[in-house]
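Working notes, structure below.
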Amino acid sequence: MSSTPKKLPVRGGDRKPARVRPYSLTGGRTRFGHVLLVETFVAALDAPEERRELTNGSLATRVMPEMRAIVELCRRMRTVAEIAALLKMPLGVVRVLLSDLADQGKIRVYGTGHGPGQPDRALLERVLSGLRRL
Amino acid sequence: MDSVVSDASPGVSPLLDDEEQLQAWQTDRTRAPIATKIVVAGGFGVGKTTLVSTVSEITPLQTEALMTEASEETDDLTDTPEKLTTTVAMDFGRITLDDDLVLYLFGTPGQQRFWFMWDDLVRGAIGAVVLADTRRLADCFPALDYFESSGLPYMVAVNHFDGSERFEPEDVREALTIPARIPVMIMDARRRISVIETLLALVGHALDVTPEQPR
């Protein structure tokens, strides 16, 4: 486009080598070994009648205790991140509450449907075909 | 304030997704679909939220994580010594790829001080799109450093902004000092086709580097 190309800055010239932090989190694991990644699916085992007005509003104004609100939301299949976003609660807090709810048998942790590591080739192929169909 | 780290419009996230078209898997509590995710990392204002919105079937949602004093070592707090916690916002969107296969896209800020949450975020991910703006190329350096050392498949997507100078992918590759096998694409985060091509390039690359035999 322009006639006088600008120089792009070159990475790495002016810094010390960076280091990836060692694994420092709990791994999102509940007491009973459920893994709660952001995309982990959870759903209520036995959801009560829906009471929409109680889940309405932010953490500060909501009248329903967090645990009840989570179970309400889990009347549908939800991810950990979705619950945090809809209830406007930090991810870490939601993980702890979900962990407690799972341990109490109120919700079921379905997981991600694939192993703990990076997806295998079969799954990647499925994602590729899915994206191609969009 | 440095608590604002997302380029998403602040405030209202849609409370419930009743207005959105419900997918069949959402109402079936007896079985969950397979959940996959791709991380989109990059500097402030580079277009992460735009990219996610362009292909997401839901209005992107925002989650927050709290950063505490634990990250002081990497976070420069000299300007705000009283501030010990920072909120890090992450936007995410969703694409249902099949009745039992869902892809999530997580947009996350790229500064080194947010690495603490990436270790957790990248677990099980297909890979990462490092989004770059050639006017502020250095903003994506920390994300590259991270993904290079983490071993997660990644690619570089240069979000081309109207009126900004257009560079060739190879110029960008050279400036970023990344190997030839890493895909570099010039794209437009506002265009659906362009975003899908970018995701295809990443997943294709992930496939290339994934061994035949399961570990």
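Starting from 1 in every chain, residues are counted up; chains themselves are A, B, ... following the order of the structure tokens, and ligands are numbered from 1 as listed.
Excluding region 80-87 of chain A itself and any same-chain residue fewer than 2 positions from it, the protein and nucleic acid residues within 6 Å of it, counting only C-alpha atoms, are Val38, Thr40, Met89, Leu91 and Val94 of chain A; Leu15, Leu61, Gln62 and Thr63 of chain B.
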Saved selection, atoms kept: N, CA and C atoms, as a CSV table (one decimal), in the first residue's frame:
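The file below, out-v5.csv, is the result:
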```csv
chain,number,residue,atom,x,y,z
A,38,VAL,N,-12.4,-24.4,32.0
A,38,VAL,CA,-13.4,-23.4,31.6
A,38,VAL,C,-14.5,-24.0,30.7
A,40,THR,N,-15.5,-27.2,30.7
A,40,THR,CA,-16.1,-28.4,31.2
A,40,THR,C,-17.6,-28.3,31.4
A,89,MET,N,-19.6,-13.9,38.3
A,89,MET,CA,-18.7,-14.2,39.4
A,89,MET,C,-17.3,-14.7,38.9
A,91,LEU,N,-14.1,-16.7,37.9
A,91,LEU,CA,-14.0,-18.1,37.6
A,91,LEU,C,-13.5,-19.0,38.8
A,94,VAL,N,-16.4,-19.6,41.1
A,94,VAL,CA,-17.4,-20.6,40.5
A,94,VAL,C,-16.9,-22.0,40.6
B,15,LEU,N,-28.0,-11.9,30.1
B,15,LEU,CA,-28.1,-12.7,31.3
B,15,LEU,C,-28.3,-14.1,31.0
B,61,LEU,N,-19.7,-13.9,25.8
B,61,LEU,CA,-19.9,-13.7,27.2
B,61,LEU,C,-18.5,-13.3,27.8
B,62,GLN,N,-18.5,-12.7,29.0
B,62,GLN,CA,-17.3,-12.3,29.6
B,62,GLN,C,-17.1,-12.9,31.0
B,63,THR,N,-16.0,-13.5,31.2
B,63,THR,CA,-15.7,-14.0,32.6
B,63,THR,C,-14.6,-13.3,33.1
```
In region 45-159 of chain B, DSSP helix (DSSP H, G or I) residues written as a ChimeraX atom specification: /B:48-55,69-71,112-121,134-150
For the residues in that selection, give me N, CA and C atoms as a compact mmCIF listing (two decimals), in the first residue's frame.
```txt
# COMPACT_ATOMS: atom_id res chain seq x y z
N LYS B 48 -9.42 -9.16 19.50
CA LYS B 48 -9.77 -10.49 20.01
C LYS B 48 -11.29 -10.65 20.14
N THR B 49 -11.91 -9.66 20.73
CA THR B 49 -13.36 -9.71 20.92
C THR B 49 -14.08 -9.70 19.58
N THR B 50 -13.57 -8.90 18.66
CA THR B 50 -14.17 -8.87 17.32
C THR B 50 -14.09 -10.24 16.67
N LEU B 51 -12.91 -10.85 16.74
CA LEU B 51 -12.73 -12.17 16.12
C LEU B 51 -13.73 -13.17 16.71
N VAL B 52 -13.82 -13.17 18.04
CA VAL B 52 -14.73 -14.11 18.69
C VAL B 52 -16.18 -13.83 18.27
N SER B 53 -16.58 -12.57 18.28
CA SER B 53 -17.97 -12.21 17.93
C SER B 53 -18.31 -12.60 16.49
N THR B 54 -17.33 -12.47 15.61
CA THR B 54 -17.59 -12.71 14.20
C THR B 54 -18.08 -14.12 13.92
N VAL B 55 -17.57 -15.09 14.65
CA VAL B 55 -17.97 -16.48 14.37
C VAL B 55 -18.83 -17.12 15.44
N GLU B 69 -1.84 -10.57 44.64
CA GLU B 69 -0.46 -10.17 44.82
C GLU B 69 0.52 -11.27 44.43
N ALA B 70 0.01 -12.47 44.23
CA ALA B 70 0.87 -13.58 43.84
C ALA B 70 1.62 -13.31 42.55
N SER B 71 1.08 -12.39 41.76
CA SER B 71 1.74 -12.15 40.48
C SER B 71 2.63 -10.90 40.52
N GLN B 112 2.36 -10.42 29.76
CA GLN B 112 3.02 -11.45 30.54
C GLN B 112 2.39 -11.62 31.93
N ARG B 113 1.85 -10.54 32.47
CA ARG B 113 1.29 -10.65 33.82
C ARG B 113 0.03 -11.49 33.87
N PHE B 114 -0.48 -11.89 32.72
CA PHE B 114 -1.68 -12.74 32.74
C PHE B 114 -1.35 -14.21 32.53
N TRP B 115 -0.07 -14.51 32.42
CA TRP B 115 0.32 -15.90 32.19
C TRP B 115 -0.22 -16.82 33.27
N PHE B 116 -0.39 -16.30 34.46
CA PHE B 116 -0.83 -17.14 35.57
C PHE B 116 -2.15 -17.84 35.24
N MET B 117 -2.98 -17.20 34.43
CA MET B 117 -4.26 -17.85 34.14
C MET B 117 -4.20 -18.71 32.88
N TRP B 118 -3.17 -18.51 32.11
CA TRP B 118 -3.10 -19.28 30.86
C TRP B 118 -2.79 -20.75 31.11
N ASP B 119 -1.94 -21.02 32.11
CA ASP B 119 -1.60 -22.42 32.38
C ASP B 119 -2.87 -23.23 32.50
N ASP B 120 -3.84 -22.64 33.13
CA ASP B 120 -5.11 -23.31 33.33
C ASP B 120 -5.95 -23.27 32.05
N LEU B 121 -5.94 -22.13 31.39
CA LEU B 121 -6.78 -21.94 30.21
C LEU B 121 -6.37 -22.85 29.06
N THR B 134 0.16 -4.98 13.16
CA THR B 134 1.53 -4.59 12.77
C THR B 134 1.91 -3.19 13.25
N ARG B 135 0.93 -2.40 13.64
CA ARG B 135 1.26 -1.08 14.18
C ARG B 135 1.79 -1.17 15.60
N ARG B 136 1.48 -2.30 16.26
CA ARG B 136 1.95 -2.52 17.62
C ARG B 136 2.37 -3.98 17.76
N LEU B 137 3.27 -4.36 16.91
CA LEU B 137 3.63 -5.77 16.82
C LEU B 137 4.17 -6.31 18.14
N ALA B 138 4.88 -5.45 18.87
CA ALA B 138 5.52 -5.91 20.11
C ALA B 138 4.50 -6.41 21.14
N ASP B 139 3.25 -5.96 21.00
CA ASP B 139 2.22 -6.39 21.95
C ASP B 139 1.99 -7.91 21.93
N CYS B 140 2.35 -8.55 20.83
CA CYS B 140 2.10 -9.99 20.77
C CYS B 140 3.33 -10.80 21.15
N PHE B 141 4.46 -10.16 21.42
CA PHE B 141 5.66 -10.91 21.78
C PHE B 141 5.46 -11.80 23.01
N PRO B 142 4.88 -11.27 24.09
CA PRO B 142 4.74 -12.14 25.28
C PRO B 142 3.91 -13.39 25.00
N ALA B 143 2.84 -13.23 24.22
CA ALA B 143 2.00 -14.40 23.92
C ALA B 143 2.80 -15.43 23.14
N LEU B 144 3.62 -14.97 22.20
CA LEU B 144 4.46 -15.90 21.44
C LEU B 144 5.43 -16.62 22.35
N ASP B 145 6.06 -15.86 23.25
CA ASP B 145 7.00 -16.47 24.19
C ASP B 145 6.32 -17.58 24.96
N TYR B 146 5.11 -17.28 25.39
CA TYR B 146 4.39 -18.25 26.21
C TYR B 146 4.09 -19.53 25.42
N PHE B 147 3.50 -19.36 24.25
CA PHE B 147 3.07 -20.55 23.51
C PHE B 147 4.26 -21.33 22.96
N GLU B 148 5.35 -20.64 22.64
CA GLU B 148 6.56 -21.34 22.22
C GLU B 148 7.03 -22.28 23.31
N SER B 149 7.03 -21.79 24.55
CA SER B 149 7.57 -22.66 25.60
C SER B 149 6.54 -23.64 26.13
N SER B 150 5.26 -23.38 25.90
CA SER B 150 4.26 -24.29 26.46
C SER B 150 4.05 -25.52 25.59
```
Contacts of Thr112 (chain A) within 12 Å, only C-alpha atoms, excl. fewer than 5 positions in-chain, as JSON, numbers by chain: {"A": [34, 35, 36, 37, 38, 39, 40, 41, 42, 77, 78, 79, 80, 117, 118, 119, 123], "B": [31, 32, 33, 34, 35, 36, 37, 100, 101, 102, 103, 104, 123, 124, 125]}
Export C-alpha atoms of the chosen residues as a PDB file, in the first residue's frame?
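New file again.pdb:
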```
ATOM      1  CA  HIS A  34     -13.563 -33.754  38.929  1.00  0.00           C
ATOM      2  CA  VAL A  35     -11.626 -31.559  36.587  1.00  0.00           C
ATOM      3  CA  LEU A  36     -13.211 -28.158  36.098  1.00  0.00           C
ATOM      4  CA  LEU A  37     -11.741 -26.513  33.035  1.00  0.00           C
ATOM      5  CA  VAL A  38     -13.411 -23.424  31.608  1.00  0.00           C
ATOM      6  CA  GLU A  39     -15.117 -25.553  28.942  1.00  0.00           C
ATOM      7  CA  THR A  40     -16.095 -28.431  31.235  1.00  0.00           C
ATOM      8  CA  PHE A  41     -19.788 -29.253  30.999  1.00  0.00           C
ATOM      9  CA  VAL A  42     -21.903 -29.491  34.122  1.00  0.00           C
ATOM     10  CA  MET A  77     -26.091 -28.098  30.032  1.00  0.00           C
ATOM     11  CA  ARG A  78     -23.607 -25.365  30.961  1.00  0.00           C
ATOM     12  CA  THR A  79     -19.892 -24.817  30.899  1.00  0.00           C
ATOM     13  CA  VAL A  80     -17.923 -23.523  33.870  1.00  0.00           C
ATOM     14  CA  GLY A 117      -4.308 -33.644  27.145  1.00  0.00           C
ATOM     15  CA  GLN A 118      -4.515 -31.955  23.776  1.00  0.00           C
ATOM     16  CA  PRO A 119      -7.163 -33.380  21.445  1.00  0.00           C
ATOM     17  CA  LEU A 123     -11.089 -35.161  17.287  1.00  0.00           C
TER      18      LEU A 123
ATOM     19  CA  ARG B  31     -25.333 -36.445  27.888  1.00  0.00           C
ATOM     20  CA  ALA B  32     -22.853 -33.683  27.228  1.00  0.00           C
ATOM     21  CA  PRO B  33     -21.264 -32.873  23.893  1.00  0.00           C
ATOM     22  CA  ILE B  34     -17.522 -32.933  23.417  1.00  0.00           C
ATOM     23  CA  ALA B  35     -16.096 -29.547  24.382  1.00  0.00           C
ATOM     24  CA  THR B  36     -13.060 -28.225  22.552  1.00  0.00           C
ATOM     25  CA  LYS B  37     -11.463 -24.822  22.790  1.00  0.00           C
ATOM     26  CA  ASP B 100     -22.222 -33.581  19.966  1.00  0.00           C
ATOM     27  CA  LEU B 101     -19.285 -31.283  19.274  1.00  0.00           C
ATOM     28  CA  VAL B 102     -18.877 -27.731  20.482  1.00  0.00           C
ATOM     29  CA  LEU B 103     -15.960 -25.370  19.972  1.00  0.00           C
ATOM     30  CA  TYR B 104     -15.305 -22.541  22.417  1.00  0.00           C
ATOM     31  CA  ARG B 123      -5.042 -27.241  29.276  1.00  0.00           C
ATOM     32  CA  GLY B 124      -6.708 -29.461  26.723  1.00  0.00           C
ATOM     33  CA  ALA B 125      -6.898 -26.683  24.125  1.00  0.00           C
TER      34      ALA B 125
END
```
For CA of Val39 (chain B) and CA of Val71 (chain A), the interatomic separation in Å (one decimal):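 Answer for the CA of Val39 (chain B) to CA of Val71 (chain A) separation: 27.7 Å.
Taking only C-alpha atoms into account, Leu152 (chain B) lies nearest to B:Thr210 out of the set B:Thr87, B:Gln23, B:Ser56, B:Thr210.
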A:Arg126, A:Lys88, A:Lys106, A:Arg121 ranked by distance to Asp46 (chain A), top pick (using only C-alpha atoms):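 Of the candidates, the smallest distance to Asp46 (chain A) is held by A:Lys106.
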Glu57 (chain B) surroundings by only C-alpha atoms, 8 Å radius, close-in-sequence under 3 positions cut, as a list of chain:residue names: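 Within the cut-off, the hits are B:Gly93, B:Arg94, B:Ile95, B:Thr96.
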Non-local contacts of Val46 (chain B) (7 Å; only C-alpha atoms; under 2 positions in same chain excluded) as a list in words: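 Returned residues: Gly42, Gly43, Phe44, Lys48, Leu131, Ala132 and Asp133 of chain B.
CA of Gly111 (chain A) to CA of Ile38 (chain B) spans 16.6 Å [interatomic distance, one decimal].
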Pick from B:Phe161, B:Phe92, B:Trp25, B:Phe106, whichever lies nearest to Gly47 (chain B) using only C-alpha atoms: B:Phe161
Atom-to-atom span, CA of Ala175 (chain B) and CA of Ser194 (chain B), Å: 22.8 Å
Shell of 10 Å around Glu168 (chain B), only C-alpha atoms, local chain residues under 2 positions omitted, as a list of chain:residue names: B:Val158, B:Arg166, B:Glu170, B:Asp171, B:Val172, B:Arg173, B:Val184, B:Met185, B:Ile186
Of the listed residues B:Leu200, B:Ala24, B:Ala128, B:Ala180, that which approaches Leu128 (chain A) most closely, counting only C-alpha atoms: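 Nearest to Leu128 (chain A): B:Leu200.
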